[in-house]
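Asks: Take a look at this one; I'll ask things after.
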Amino acid sequence: MVEVEAKHILHSGIFHPVLRQWQSPNVEITVNALMYPIFISDEQEAKEPIASMPGVYRYGINHLERMLQPLVLKGLQSILLFGVSKHLEKDHIGSNADSTQNPIIQAVPLIRKWFPNLLIACDVCLCAYTVHGHCGILNEDGSINNKASIERISEIALAYAKAGAQIVAPSDMMDGRISAIKKKLATAGLMNKVAILSYAVKFASGFYGPFRDASQSAPKFGDRKCYQLPPGSNGLAARAAARDVSEGADMLIVKPGLPYLDVVRHTKDAHPEYPMFVYQVSGEYAMLYHGAQNGAINLENVLKEVLLSMRRAGADCIITYFTPLILDMLQPRS
Ligand code: PBG
Ligand code: ZN
């Protein structure tokens, strides 16, 4: 018989639910730690299911208030908006990203009016509005024209800010975009009224597949490996975060989430003064959804565990398509 030494007995700290909570401090899931991504279509009446993301829809403006109302009542605090262009013309500079026809430009003032306490972030990128589906403006040879790209990205960010977005979230991964956006906001007197949530550490990932279907933004040729980070690149991830911090980002995102939790921890440790966001992306959503659908896992149990893992790794806020389900899970059970 082997005797366990008293000080090595761990069970004594976890035999009661309250004891277990004390072993997991500051990682609980709260409404404040959730941001809900929403696809807004230029088709006003649309409520269009997205095949690769069951349970997620592209909403036309006319559905937004009805869709958001119950979520706000359950405590929803912040949303992240993506425009989807079904009918708007695409061109080489993404003209419709900030035209008066753009669904984001149209929706933001309405959402502000309907839900004055809801914090609105807008994704800023070109890929949903360019003919080639890339996130920047291209040179003749197909390479990125960085200077033209950040000029255009910052224009779009300013347009969303002027429409009423309190947060702009550039996801394009061009070099120097945070500075460019800051400068534009300053000239418009919005420097202190708009936060920049930088997709600072965004990897070139296979997990974005369903999203590109959802926002119809897949590149028509090539891939995004020349501007998104290589999945193994710890060093570049650290440099990208430090660079965006030095340019004035207010909050940082690591994306995708689950396969990059080591990077979340490194980034949070390197920049503890900055709110850390983790984006549980479309492929992560689909993976959990289908795993549960096929009986391999219990969705709520595993989702809770995954969210906890993100909080444990240092996430202050999780951007997740599961937000409506999580809000339900957080309601007091009667
Ligand atoms: C586009 C953008 C992408 C995502 C957010 N903004 C896709 C990409 O970069 O290819 C991914 C979100 C998701 O997969 O849920 N700039
Ligand atoms: Zn893009």
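We name chains A, B, ... following the order of the structure tokens; residues begin at 1 in each chain, and ligands are numbered from 1 as shown.
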Could you pull out the residues in stretch 74-286 of chain A that DSSP calls helix (DSSP H, G or I) from the backbone, as an NGL selection string?
Replies: :A and (95-97 or 103-114 or 146-163 or 177-187 or 206-214 or 234-247 or 258-270 or 282-286)
Asks: When you look at A:Gly55 with a cut-off of 10 Å (counting only C-alpha atoms), what residues show up, excluding the ones that are within fewer than 2 positions of it in the same chain? I need them as number ranges by chain.
Replies: A: 49-53, 57, 286, 289, 321-322
Asks: Could you list, as a list of chain:residue names, all residues that come within 10 Å of ligand 2? Count only C-alpha atoms and all ligand atoms.
Replies: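 Every residue with an atom at most 10 Å from ligand 2 is listed here: A:Asp123, A:Val124, A:Cys125, A:Leu126, A:Cys127, A:Ala128, A:Tyr129, A:Thr130, A:Gly133, A:His134, A:Cys135, A:Gly136, A:Pro170, A:Ser171, A:Asp172, A:Met173, A:Met174, A:Arg212, A:Ser215, A:Ser217, A:Ala218, A:Pro219, A:Arg224, A:Gln228.
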Asks: From the set A:Asp213, A:Glu65, A:Glu3, A:Glu43, which residue has the shortest atom-to-atom contact distance to ligand 1, counting only C-alpha atoms and all ligand atoms?
Replies: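 Closest candidate: A:Asp213.
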Asks: Using only C-alpha atoms, find the one residue out of A:Leu261, A:Met191, A:Leu325, A:Ile196 that sits nearest to A:Leu71.
Replies: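 Looking at the shortest contact to A:Leu71, the residue is A:Leu325.
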Asks: Can you pull out the residues contacting A:Ile104? Cut-off 8 Å, using only C-alpha atoms, and skip same-chain residues under 2 positions away; I want them as a VMD selection string.
Replies: chain A and resid 40 81 to 83 102 106 to 108 122 160
Asks: Produce a file of the selected residues containing C-alpha atoms, as a PDB file, in the first residue's frame.
Replies:
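What follows is the written file again.pdb:
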```
ATOM      1  CA  ILE A  40     -25.348  42.029 -42.258  1.00  0.00           C
ATOM      2  CA  LEU A  81     -20.438  43.634 -37.571  1.00  0.00           C
ATOM      3  CA  PHE A  82     -19.468  42.218 -40.974  1.00  0.00           C
ATOM      4  CA  GLY A  83     -20.978  43.524 -44.193  1.00  0.00           C
ATOM      5  CA  ASN A 102     -23.107  49.651 -47.616  1.00  0.00           C
ATOM      6  CA  GLN A 106     -26.826  51.875 -43.014  1.00  0.00           C
ATOM      7  CA  ALA A 107     -27.217  49.577 -40.015  1.00  0.00           C
ATOM      8  CA  VAL A 108     -24.958  51.218 -37.427  1.00  0.00           C
ATOM      9  CA  CYS A 122     -17.197  47.078 -37.107  1.00  0.00           C
ATOM     10  CA  TYR A 160     -17.729  53.443 -39.953  1.00  0.00           C
TER      11      TYR A 160
END
```
Asks: Set the distance at 12 Å and use only C-alpha atoms: which residues neighbour A:Lys47 once local chain neighbours fewer than 3 positions away are removed? I'd like the list as a VMD selection string.
Replies: chain A and resid 38 to 44 50 55 to 64 66 to 67
Asks: For the selection just defined, write its residues with C-alpha atoms to a file, as a compact mmCIF listing (two decimals), in the first residue's frame.
Replies:
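New file out-v9.txt:
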```txt
# COMPACT_ATOMS: atom_id res chain seq x y z
CA ILE A 38 -23.06 39.35 -36.99
CA PHE A 39 -23.26 39.23 -40.79
CA ILE A 40 -25.35 42.03 -42.26
CA SER A 41 -26.50 41.55 -45.83
CA ASP A 42 -27.28 44.25 -48.38
CA GLU A 43 -30.57 42.39 -48.96
CA GLN A 44 -32.82 44.18 -46.48
CA ILE A 50 -25.20 29.88 -43.98
CA GLY A 55 -27.52 28.23 -36.90
CA VAL A 56 -25.77 31.36 -38.22
CA TYR A 57 -27.55 33.69 -40.66
CA ARG A 58 -26.94 36.66 -42.87
CA TYR A 59 -29.43 39.25 -41.68
CA GLY A 60 -30.93 42.08 -43.68
CA ILE A 61 -31.42 45.38 -41.90
CA ASN A 62 -35.12 44.68 -41.46
CA HIS A 63 -34.42 41.66 -39.23
CA LEU A 64 -31.79 43.18 -36.97
CA ARG A 66 -36.04 41.62 -33.83
CA MET A 67 -32.96 39.39 -33.73
```
